[in-house]
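Colleague: Input file: coords.cif. Contents: mmCIF, C-alpha atoms and all ligand atoms.
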data_upload
#
loop_
_atom_site.label_atom_id
_atom_site.label_comp_id
_atom_site.auth_asym_id
_atom_site.auth_seq_id
_atom_site.Cartn_x
_atom_site.Cartn_y
_atom_site.Cartn_z
CA MET B 24 -2.27 14.84 -10.43
CA LEU B 25 0.55 14.21 -7.93
CA ASP B 26 3.13 11.86 -9.35
CA TYR B 27 6.64 10.78 -8.31
CA THR B 28 8.97 7.88 -9.12
CA PHE B 29 12.13 6.82 -7.29
CA LYS B 30 14.14 3.68 -6.55
CA THR B 31 14.89 1.62 -3.47
CA HIS B 32 17.95 -0.60 -3.26
CA ALA B 33 17.14 -2.86 -0.32
CA GLN B 34 14.11 -4.35 1.40
CA SER B 35 14.75 -2.09 4.39
CA GLU B 36 14.41 0.99 2.17
CA THR B 37 10.96 -0.14 1.01
CA THR B 38 9.79 -0.78 4.58
CA GLY B 39 11.32 2.60 5.44
CA PHE B 40 9.21 4.18 2.72
CA GLY B 41 6.12 2.54 4.27
CA ARG B 42 7.05 4.08 7.63
CA PHE B 43 7.50 7.43 5.87
CA VAL B 44 4.00 7.26 4.34
CA ALA B 45 2.19 6.14 7.53
CA PRO B 46 1.93 9.54 9.29
CA PHE B 47 0.22 11.02 6.21
CA LEU B 48 -2.63 8.50 6.41
CA ALA B 49 -5.97 8.97 8.15
CA VAL B 50 -9.28 7.19 8.54
CA GLN B 51 -10.55 6.10 5.09
CA SER B 52 -7.15 6.53 3.41
CA VAL B 53 -6.77 3.84 0.75
CA ILE B 54 -3.47 2.77 -0.82
CA THR B 55 -3.43 0.48 -3.86
CA LEU B 56 -0.31 -1.65 -4.27
CA SER B 57 0.41 -2.95 -7.78
CA GLY B 58 3.30 -4.98 -9.12
CA ASP B 59 4.26 -8.56 -9.86
CA LEU B 60 4.60 -11.28 -7.26
CA GLY B 61 7.71 -10.52 -5.22
CA ALA B 62 7.81 -6.85 -6.22
CA GLY B 63 7.57 -5.68 -2.61
CA LYS B 64 3.90 -4.84 -1.99
CA THR B 65 3.68 -6.72 1.31
CA THR B 66 7.13 -5.41 2.28
CA PHE B 67 5.82 -1.86 1.87
CA ALA B 68 2.64 -2.78 3.81
CA SER B 69 4.69 -4.03 6.77
CA GLY B 70 6.47 -0.67 6.88
CA VAL B 71 3.15 1.16 6.95
CA ALA B 72 1.98 -1.09 9.81
CA THR B 73 5.15 -0.36 11.79
CA GLY B 74 4.69 3.35 11.16
CA LEU B 75 1.14 3.14 12.51
CA GLY B 76 2.44 1.52 15.69
CA ILE B 77 1.41 -2.02 14.78
CA HIS B 78 4.10 -4.43 15.88
CA ASP B 79 2.58 -7.69 14.64
CA HIS B 80 4.42 -9.48 11.90
CA VAL B 81 2.68 -8.40 8.69
CA ILE B 82 2.42 -11.29 6.26
CA SER B 83 0.82 -11.57 2.89
CA PRO B 84 -2.92 -12.06 3.36
CA THR B 85 -3.17 -13.90 0.02
CA PHE B 86 -4.77 -16.95 1.59
CA ASN B 87 -7.15 -14.90 3.73
CA ILE B 88 -8.15 -12.09 1.31
CA MET B 89 -7.90 -9.70 4.24
CA LYS B 90 -6.08 -9.24 7.53
CA CYS B 91 -7.15 -6.64 10.07
CA TYR B 92 -4.89 -5.05 12.66
CA PHE B 93 -6.71 -3.31 15.49
CA ASN B 94 -3.90 -2.59 17.93
CA ALA B 95 -3.14 0.92 16.69
CA LYS B 96 -4.93 4.25 17.03
CA THR B 97 -6.39 3.71 13.54
CA PRO B 98 -7.27 0.16 12.43
CA LEU B 99 -5.38 -1.18 9.40
CA PHE B 100 -7.10 -3.38 6.83
CA HIS B 101 -4.74 -5.24 4.51
CA ILE B 102 -6.53 -6.71 1.50
CA ASP B 103 -4.96 -9.01 -1.09
CA ALA B 104 -7.47 -9.39 -3.91
CA TYR B 105 -5.31 -11.86 -5.88
CA ARG B 106 -7.66 -14.79 -5.29
CA LEU B 107 -10.70 -12.75 -6.33
CA GLU B 108 -9.65 -12.71 -9.99
CA GLY B 109 -12.72 -13.76 -11.93
CA GLY B 110 -14.41 -14.86 -8.72
CA ASN B 111 -16.99 -13.71 -6.23
CA LYS B 112 -16.24 -10.12 -5.31
CA ASP B 113 -19.36 -9.64 -3.23
CA LEU B 114 -17.66 -10.03 0.14
CA GLY B 115 -18.63 -6.67 1.63
CA LEU B 116 -15.06 -5.36 1.41
CA GLU B 117 -16.48 -1.87 0.90
CA GLU B 118 -17.59 -1.95 4.55
CA PHE B 119 -13.89 -1.84 5.44
CA ILE B 120 -12.68 0.42 2.63
CA GLU B 121 -15.34 3.01 3.52
CA GLY B 122 -15.08 2.24 7.22
CA ASN B 123 -13.10 3.52 10.18
CA GLY B 124 -9.60 2.46 9.19
CA ILE B 125 -6.75 2.72 6.71
CA THR B 126 -6.86 0.19 3.86
CA LEU B 127 -3.97 -1.24 1.84
CA ILE B 128 -5.01 -3.20 -1.26
CA GLU B 129 -2.73 -5.59 -3.16
CA TRP B 130 -4.00 -6.58 -6.66
CA PRO B 131 -6.52 -3.68 -6.78
CA GLU B 132 -7.32 -4.46 -10.44
CA TYR B 133 -9.43 -7.42 -9.26
CA ILE B 134 -11.73 -5.19 -7.20
CA ASP B 135 -11.43 -2.03 -9.28
CA THR B 136 -15.03 -0.92 -8.71
CA LEU B 137 -14.29 -0.70 -4.97
CA ILE B 138 -11.27 1.61 -5.29
CA PRO B 139 -12.13 5.19 -4.31
CA ALA B 140 -11.09 8.03 -6.64
CA ASN B 141 -8.98 9.63 -3.90
CA ALA B 142 -6.77 6.57 -3.35
CA LEU B 143 -2.97 6.76 -3.29
CA HIS B 144 -1.57 4.47 -5.98
CA ILE B 145 1.78 2.73 -5.63
CA VAL B 146 3.26 0.61 -8.42
CA ILE B 147 6.44 -1.37 -7.70
CA HIS B 148 8.67 -2.79 -10.44
CA ASN B 149 11.39 -5.31 -9.72
CA LEU B 150 14.45 -4.02 -11.59
CA GLY B 151 16.50 -7.09 -10.61
CA GLY B 152 18.46 -7.93 -7.49
CA ASP B 153 17.34 -5.72 -4.64
CA GLU B 154 16.49 -2.75 -6.85
CA ARG B 155 12.85 -1.64 -7.08
CA GLU B 156 11.24 1.27 -8.93
CA ILE B 157 8.42 2.83 -6.90
CA LYS B 158 5.83 4.97 -8.67
CA VAL B 159 3.49 6.95 -6.45
CA SER B 160 0.48 8.87 -7.76
CA THR B 161 -2.85 10.29 -6.69
CA THR B 162 -5.39 12.96 -7.59
CA ASN B 163 -5.96 13.56 -3.87
CA SER B 164 -4.55 16.97 -2.92
CA ALA B 165 -4.52 15.92 0.75
CA PHE B 166 -1.22 14.19 -0.14
CA GLU B 167 0.52 17.37 -1.38
CA LYS B 168 2.65 17.71 1.73
CA MET B 169 3.64 14.06 1.54
CA PHE B 170 4.76 14.45 -2.09
CA LYS B 171 6.78 17.54 -1.22
CA ASN B 172 8.57 15.69 1.59
CA MET B 173 8.98 12.56 -0.54
CA LYS B 174 10.67 14.47 -3.38
CA GLU B 175 13.16 15.91 -0.91
CA ARG B 176 13.86 12.64 0.82
CA TYR B 177 13.82 10.09 -2.03
CA GLN B 178 15.92 11.01 -5.07
P1 LIG N 201 4.73 -8.90 -3.04
O1 LIG N 201 3.86 -8.63 -1.86
O2 LIG N 201 4.78 -7.76 -4.02
O3 LIG N 201 4.44 -10.19 -3.72
P2 LIG N 201 6.81 -9.20 -1.06
O4 LIG N 201 6.88 -7.89 -0.37
O5 LIG N 201 6.10 -10.31 -0.36
O6 LIG N 201 6.24 -8.99 -2.53
O7 LIG N 201 8.28 -9.73 -1.39
C1 LIG N 201 9.30 -8.91 -1.89
C2 LIG N 201 10.58 -9.72 -1.87
O8 LIG N 201 11.64 -8.99 -2.51
C3 LIG N 201 11.05 -10.03 -0.46
O9 LIG N 201 11.63 -11.32 -0.45
C4 LIG N 201 12.12 -8.96 -0.22
O10 LIG N 201 13.11 -9.39 0.68
C5 LIG N 201 12.72 -8.82 -1.61
N1 LIG N 201 13.34 -7.51 -1.86
C6 LIG N 201 14.60 -7.31 -2.29
N2 LIG N 201 14.88 -6.01 -2.48
C7 LIG N 201 13.75 -5.33 -2.16
C8 LIG N 201 13.40 -3.96 -2.17
N3 LIG N 201 14.25 -2.98 -2.58
N4 LIG N 201 12.14 -3.63 -1.80
C9 LIG N 201 11.25 -4.58 -1.44
N5 LIG N 201 11.51 -5.91 -1.40
C10 LIG N 201 12.76 -6.29 -1.76
MG MG N 202 2.09 -9.68 -1.22
#
Taking this structure as input, can you express it in the form of structure tokens?

Modeller:
Amino acid sequence: MLDYTFKTHAQSETTGFGRFVAPFLAVQSVITLSGDLGAGKTTFASGVATGLGIHDHVISPTFNIMKCYFNAKTPLFHIDAYRLEGGNKDLGLEEFIEGNGITLIEWPEYIDTLIPANALHIVIHNLGGDEREIKVSTTNSAFEKMFKNMKERYQ
């Protein structure tokens, strides 16, 4: 199990962390993003998009379930499962998650059966003001290098 926790102190640091993570992602990488409303899940996602070379404005897909960005080398699928709580989950989202892109999933607990075992898990806690605690974990050893760099860079 790879596991690391650190803090950010401004929105720009959380987008910066997204940009840091982006180069470690590949086709079929899945990142789950957990945390309360306003924690910073979408903020992190926009940093990942920037890091992948996507320059669109990344907004919360809450009202769309999913937004796809195709203008990068690897497509980015941004899922927000919030509105699937207790509802119809049979939307074929696995076609994207197991497809040819990178997938970011906000509110993964609502589609837990679709989350692959090798996903990277990020949990964000709002500590008040602009301070956020970011917990990163995975059982996927492909992320070892990323964790090594992350521990050096974020303390
Ligand atoms: P979520 O997607 O988790 O609901 P958002 O990313 O949409 O949350 O919103 C996070 C909000 O918190 C934004 O208004 C952002 O400006 C603010 N914020 C303040 N400090 C931070 C920080 N350190 N990291 C991320 N967001 C922060
Ligand atoms: Mg959001």

Colleague: Can you work out which one of B:Ile102, B:Met24, B:Ile147, B:Val81 has the shortest atom-to-atom distance to Thr126 (chain B), counting all atoms listed in the file?

Modeller: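 For Thr126 (chain B), the nearest of the given residues is B:Ile102.
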
Colleague: Enumerate as an MDAnalysis selection string the residues within 8 Å of ligand MG 202 (chain N), counting only C-alpha atoms and all ligand atoms.

Modeller: chainID B and resid 60:61 63:66 82:85 103 129

Colleague: Would you tabulate, counting all atoms listed in the file, all residues of chain B that have an atom at most 12 Å from an atom of ligand LIG 201 (chain N), showing the closest pair of atoms and their distance in Å to one decimal, sorted by chain then ascending number, as JSON lines?

Modeller:
{"residue": "B:Phe29", "atom": "CA", "partner": "N:LIG201", "partner_atom": "N3", "distance": 11.1}
{"residue": "B:Lys30", "atom": "CA", "partner": "N:LIG201", "partner_atom": "N3", "distance": 7.8}
{"residue": "B:Thr31", "atom": "CA", "partner": "N:LIG201", "partner_atom": "N3", "distance": 4.7}
{"residue": "B:His32", "atom": "CA", "partner": "N:LIG201", "partner_atom": "N3", "distance": 4.5}
{"residue": "B:Ala33", "atom": "CA", "partner": "N:LIG201", "partner_atom": "N3", "distance": 3.7}
{"residue": "B:Gln34", "atom": "CA", "partner": "N:LIG201", "partner_atom": "C8", "distance": 3.7}
{"residue": "B:Ser35", "atom": "CA", "partner": "N:LIG201", "partner_atom": "N4", "distance": 6.9}
{"residue": "B:Glu36", "atom": "CA", "partner": "N:LIG201", "partner_atom": "N3", "distance": 6.2}
{"residue": "B:Thr37", "atom": "CA", "partner": "N:LIG201", "partner_atom": "N4", "distance": 4.6}
{"residue": "B:Thr38", "atom": "CA", "partner": "N:LIG201", "partner_atom": "C9", "distance": 7.3}
{"residue": "B:Gly39", "atom": "CA", "partner": "N:LIG201", "partner_atom": "N4", "distance": 9.6}
{"residue": "B:Phe40", "atom": "CA", "partner": "N:LIG201", "partner_atom": "N4", "distance": 9.5}
{"residue": "B:Gly41", "atom": "CA", "partner": "N:LIG201", "partner_atom": "C9", "distance": 10.5}
{"residue": "B:Thr55", "atom": "CA", "partner": "N:LIG201", "partner_atom": "O2", "distance": 11.6}
{"residue": "B:Leu56", "atom": "CA", "partner": "N:LIG201", "partner_atom": "O2", "distance": 8.0}
{"residue": "B:Ser57", "atom": "CA", "partner": "N:LIG201", "partner_atom": "O2", "distance": 7.5}
{"residue": "B:Gly58", "atom": "CA", "partner": "N:LIG201", "partner_atom": "O2", "distance": 6.0}
{"residue": "B:Asp59", "atom": "CA", "partner": "N:LIG201", "partner_atom": "O2", "distance": 5.9}
{"residue": "B:Leu60", "atom": "CA", "partner": "N:LIG201", "partner_atom": "O3", "distance": 3.7}
{"residue": "B:Gly61", "atom": "CA", "partner": "N:LIG201", "partner_atom": "O6", "distance": 3.4}
{"residue": "B:Ala62", "atom": "CA", "partner": "N:LIG201", "partner_atom": "O2", "distance": 3.9}
{"residue": "B:Gly63", "atom": "CA", "partner": "N:LIG201", "partner_atom": "O4", "distance": 3.2}
{"residue": "B:Lys64", "atom": "CA", "partner": "N:LIG201", "partner_atom": "O2", "distance": 3.7}
{"residue": "B:Thr65", "atom": "CA", "partner": "N:LIG201", "partner_atom": "O1", "distance": 3.7}
{"residue": "B:Thr66", "atom": "CA", "partner": "N:LIG201", "partner_atom": "O4", "distance": 3.6}
{"residue": "B:Phe67", "atom": "CA", "partner": "N:LIG201", "partner_atom": "O4", "distance": 6.5}
{"residue": "B:Ala68", "atom": "CA", "partner": "N:LIG201", "partner_atom": "O4", "distance": 7.8}
{"residue": "B:Ser69", "atom": "CA", "partner": "N:LIG201", "partner_atom": "O4", "distance": 8.4}
{"residue": "B:Gly70", "atom": "CA", "partner": "N:LIG201", "partner_atom": "O4", "distance": 10.2}
{"residue": "B:Val81", "atom": "CA", "partner": "N:LIG201", "partner_atom": "O5", "distance": 9.9}
{"residue": "B:Ile82", "atom": "CA", "partner": "N:LIG201", "partner_atom": "O5", "distance": 7.6}
{"residue": "B:Ser83", "atom": "CA", "partner": "N:LIG201", "partner_atom": "O5", "distance": 6.3}
{"residue": "B:Pro84", "atom": "CA", "partner": "N:LIG201", "partner_atom": "O1", "distance": 9.2}
{"residue": "B:Thr85", "atom": "CA", "partner": "N:LIG201", "partner_atom": "O1", "distance": 9.0}
{"residue": "B:His101", "atom": "CA", "partner": "N:LIG201", "partner_atom": "O1", "distance": 11.2}
{"residue": "B:Ile102", "atom": "CA", "partner": "N:LIG201", "partner_atom": "O1", "distance": 11.1}
{"residue": "B:Asp103", "atom": "CA", "partner": "N:LIG201", "partner_atom": "O1", "distance": 8.9}
{"residue": "B:Ala104", "atom": "CA", "partner": "N:LIG201", "partner_atom": "O1", "distance": 11.5}
{"residue": "B:Tyr105", "atom": "CA", "partner": "N:LIG201", "partner_atom": "O3", "distance": 10.1}
{"residue": "B:Leu127", "atom": "CA", "partner": "N:LIG201", "partner_atom": "O1", "distance": 11.4}
{"residue": "B:Ile128", "atom": "CA", "partner": "N:LIG201", "partner_atom": "O1", "distance": 10.4}
{"residue": "B:Glu129", "atom": "CA", "partner": "N:LIG201", "partner_atom": "O1", "distance": 7.4}
{"residue": "B:Trp130", "atom": "CA", "partner": "N:LIG201", "partner_atom": "O2", "distance": 9.2}
{"residue": "B:Ile145", "atom": "CA", "partner": "N:LIG201", "partner_atom": "O2", "distance": 11.0}
{"residue": "B:Val146", "atom": "CA", "partner": "N:LIG201", "partner_atom": "O2", "distance": 9.6}
{"residue": "B:Ile147", "atom": "CA", "partner": "N:LIG201", "partner_atom": "O2", "distance": 7.6}
{"residue": "B:His148", "atom": "CA", "partner": "N:LIG201", "partner_atom": "O2", "distance": 9.0}
{"residue": "B:Asn149", "atom": "CA", "partner": "N:LIG201", "partner_atom": "C7", "distance": 7.9}
{"residue": "B:Leu150", "atom": "CA", "partner": "N:LIG201", "partner_atom": "N3", "distance": 9.1}
{"residue": "B:Gly151", "atom": "CA", "partner": "N:LIG201", "partner_atom": "N2", "distance": 8.4}
{"residue": "B:Gly152", "atom": "CA", "partner": "N:LIG201", "partner_atom": "N2", "distance": 6.5}
{"residue": "B:Asp153", "atom": "CA", "partner": "N:LIG201", "partner_atom": "N2", "distance": 3.3}
{"residue": "B:Glu154", "atom": "CA", "partner": "N:LIG201", "partner_atom": "N3", "distance": 4.8}
{"residue": "B:Arg155", "atom": "CA", "partner": "N:LIG201", "partner_atom": "N3", "distance": 4.9}
{"residue": "B:Glu156", "atom": "CA", "partner": "N:LIG201", "partner_atom": "N3", "distance": 8.2}
{"residue": "B:Ile157", "atom": "CA", "partner": "N:LIG201", "partner_atom": "N4", "distance": 9.0}

Colleague: Of the residues B:Met169, B:Leu114, B:Val159, B:Ala95, which is the one nearest to Asp26 (chain B), using all atoms listed in the file?

Modeller: B:Val159

Colleague: Which is closest to Leu107 (chain B) among B:Ile120, B:Leu143, B:Tyr92, B:Phe86, if we use all atoms listed in the file?

Modeller: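 Using all atoms listed in the file, Leu107 (chain B) sits closest to B:Phe86.
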
Colleague: With distances taken over all atoms listed in the file, which of B:Leu116, B:His80, B:Gly124, B:Asn172 is nearest to Thr97 (chain B)?

Modeller: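 Among the listed residues, B:Gly124 lies closest to Thr97 (chain B).
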
Colleague: Quick one: pull the distance between CA of Pro131 (chain B) and CA of Asn163 (chain B), Å, one decimal.

Modeller: 17.5 Å

Colleague: Find the residue from B:Val53, B:His78, B:Lys90, B:Phe47 that sits nearest to Ala142 (chain B); use all atoms listed in the file when measuring.

Modeller: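 Among B:Val53, B:His78, B:Lys90, B:Phe47, it is B:Val53 that comes nearest to Ala142 (chain B).
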
Colleague: Can I get N, CA and C atoms for region 63-102 of chain B, as a compact mmCIF listing (two decimals), in the first residue's frame?

Modeller:
# COMPACT_ATOMS: atom_id res chain seq x y z
N GLY B 63 -12.30 20.61 -2.74
CA GLY B 63 -11.27 20.94 -3.74
C GLY B 63 -11.08 19.84 -4.79
N LYS B 64 -12.07 18.96 -4.94
CA LYS B 64 -11.96 17.86 -5.89
C LYS B 64 -11.86 18.38 -7.33
N THR B 65 -12.77 19.29 -7.67
CA THR B 65 -12.77 19.83 -9.04
C THR B 65 -11.54 20.71 -9.26
N THR B 66 -11.12 21.40 -8.21
CA THR B 66 -9.90 22.21 -8.29
C THR B 66 -8.71 21.33 -8.65
N PHE B 67 -8.58 20.20 -7.98
CA PHE B 67 -7.52 19.24 -8.30
C PHE B 67 -7.66 18.77 -9.76
N ALA B 68 -8.90 18.43 -10.15
CA ALA B 68 -9.16 17.92 -11.51
C ALA B 68 -8.70 18.93 -12.57
N SER B 69 -8.93 20.22 -12.31
CA SER B 69 -8.54 21.22 -13.30
C SER B 69 -7.01 21.27 -13.43
N GLY B 70 -6.31 21.02 -12.34
CA GLY B 70 -4.84 20.95 -12.41
C GLY B 70 -4.37 19.77 -13.23
N VAL B 71 -5.04 18.63 -13.06
CA VAL B 71 -4.69 17.45 -13.86
C VAL B 71 -4.90 17.76 -15.34
N ALA B 72 -6.04 18.38 -15.66
CA ALA B 72 -6.35 18.71 -17.06
C ALA B 72 -5.25 19.61 -17.64
N THR B 73 -4.88 20.63 -16.90
CA THR B 73 -3.82 21.53 -17.37
C THR B 73 -2.53 20.75 -17.61
N GLY B 74 -2.21 19.85 -16.68
CA GLY B 74 -0.99 19.06 -16.80
C GLY B 74 -1.01 18.13 -18.00
N LEU B 75 -2.21 17.76 -18.43
CA LEU B 75 -2.34 16.88 -19.60
C LEU B 75 -2.37 17.69 -20.89
N GLY B 76 -2.30 19.01 -20.76
CA GLY B 76 -2.31 19.86 -21.95
C GLY B 76 -3.69 20.27 -22.40
N ILE B 77 -4.67 20.12 -21.50
CA ILE B 77 -6.05 20.53 -21.81
C ILE B 77 -6.23 21.94 -21.27
N HIS B 78 -6.59 22.86 -22.16
CA HIS B 78 -6.66 24.25 -21.71
C HIS B 78 -8.08 24.77 -21.57
N ASP B 79 -9.06 23.86 -21.73
CA ASP B 79 -10.45 24.26 -21.48
C ASP B 79 -10.60 24.58 -20.00
N HIS B 80 -11.61 25.34 -19.69
CA HIS B 80 -11.95 25.63 -18.31
C HIS B 80 -12.64 24.39 -17.74
N VAL B 81 -12.03 23.76 -16.75
CA VAL B 81 -12.64 22.56 -16.17
C VAL B 81 -13.62 22.98 -15.08
N ILE B 82 -14.88 22.62 -15.28
CA ILE B 82 -15.90 22.95 -14.29
C ILE B 82 -16.44 21.66 -13.70
N SER B 83 -17.16 21.80 -12.61
CA SER B 83 -17.75 20.62 -12.01
C SER B 83 -18.77 20.02 -12.96
N PRO B 84 -18.67 18.72 -13.25
CA PRO B 84 -19.65 18.11 -14.14
C PRO B 84 -20.91 17.66 -13.41
N THR B 85 -21.15 18.14 -12.20
CA THR B 85 -22.25 17.64 -11.37
C THR B 85 -23.57 17.54 -12.13
N PHE B 86 -23.85 18.52 -12.99
CA PHE B 86 -25.14 18.50 -13.67
C PHE B 86 -25.11 17.71 -14.95
N ASN B 87 -23.95 17.16 -15.29
CA ASN B 87 -23.83 16.38 -16.52
C ASN B 87 -23.39 14.95 -16.26
N ILE B 88 -23.09 14.59 -15.00
CA ILE B 88 -22.50 13.29 -14.65
C ILE B 88 -21.08 13.16 -15.18
N MET B 89 -20.88 13.49 -16.47
CA MET B 89 -19.54 13.33 -17.01
C MET B 89 -19.22 14.42 -18.03
N LYS B 90 -17.96 14.85 -18.03
CA LYS B 90 -17.46 15.72 -19.11
C LYS B 90 -16.23 15.05 -19.70
N CYS B 91 -16.14 15.08 -21.01
CA CYS B 91 -15.00 14.47 -21.71
C CYS B 91 -14.17 15.57 -22.35
N TYR B 92 -12.85 15.42 -22.27
CA TYR B 92 -11.94 16.37 -22.91
C TYR B 92 -11.06 15.57 -23.87
N PHE B 93 -11.17 15.88 -25.15
CA PHE B 93 -10.47 15.08 -26.16
C PHE B 93 -9.27 15.80 -26.77
N ASN B 94 -9.03 17.03 -26.36
CA ASN B 94 -7.97 17.79 -27.03
C ASN B 94 -6.61 17.65 -26.36
N ALA B 95 -6.29 16.45 -25.91
CA ALA B 95 -4.96 16.16 -25.38
C ALA B 95 -4.53 14.82 -25.95
N LYS B 96 -3.28 14.46 -25.75
CA LYS B 96 -2.78 13.20 -26.29
C LYS B 96 -3.64 12.04 -25.77
N THR B 97 -3.95 12.08 -24.47
CA THR B 97 -4.82 11.07 -23.87
C THR B 97 -6.14 11.74 -23.47
N PRO B 98 -7.28 11.17 -23.87
CA PRO B 98 -8.56 11.78 -23.47
C PRO B 98 -8.71 11.78 -21.95
N LEU B 99 -9.43 12.77 -21.44
CA LEU B 99 -9.71 12.85 -20.00
C LEU B 99 -11.22 12.76 -19.82
N PHE B 100 -11.64 11.83 -18.96
CA PHE B 100 -13.05 11.69 -18.61
C PHE B 100 -13.21 12.12 -17.16
N HIS B 101 -14.06 13.10 -16.93
CA HIS B 101 -14.26 13.64 -15.58
C HIS B 101 -15.69 13.32 -15.17
N ILE B 102 -15.81 12.37 -14.25
CA ILE B 102 -17.12 11.90 -13.79
C ILE B 102 -17.43 12.50 -12.42
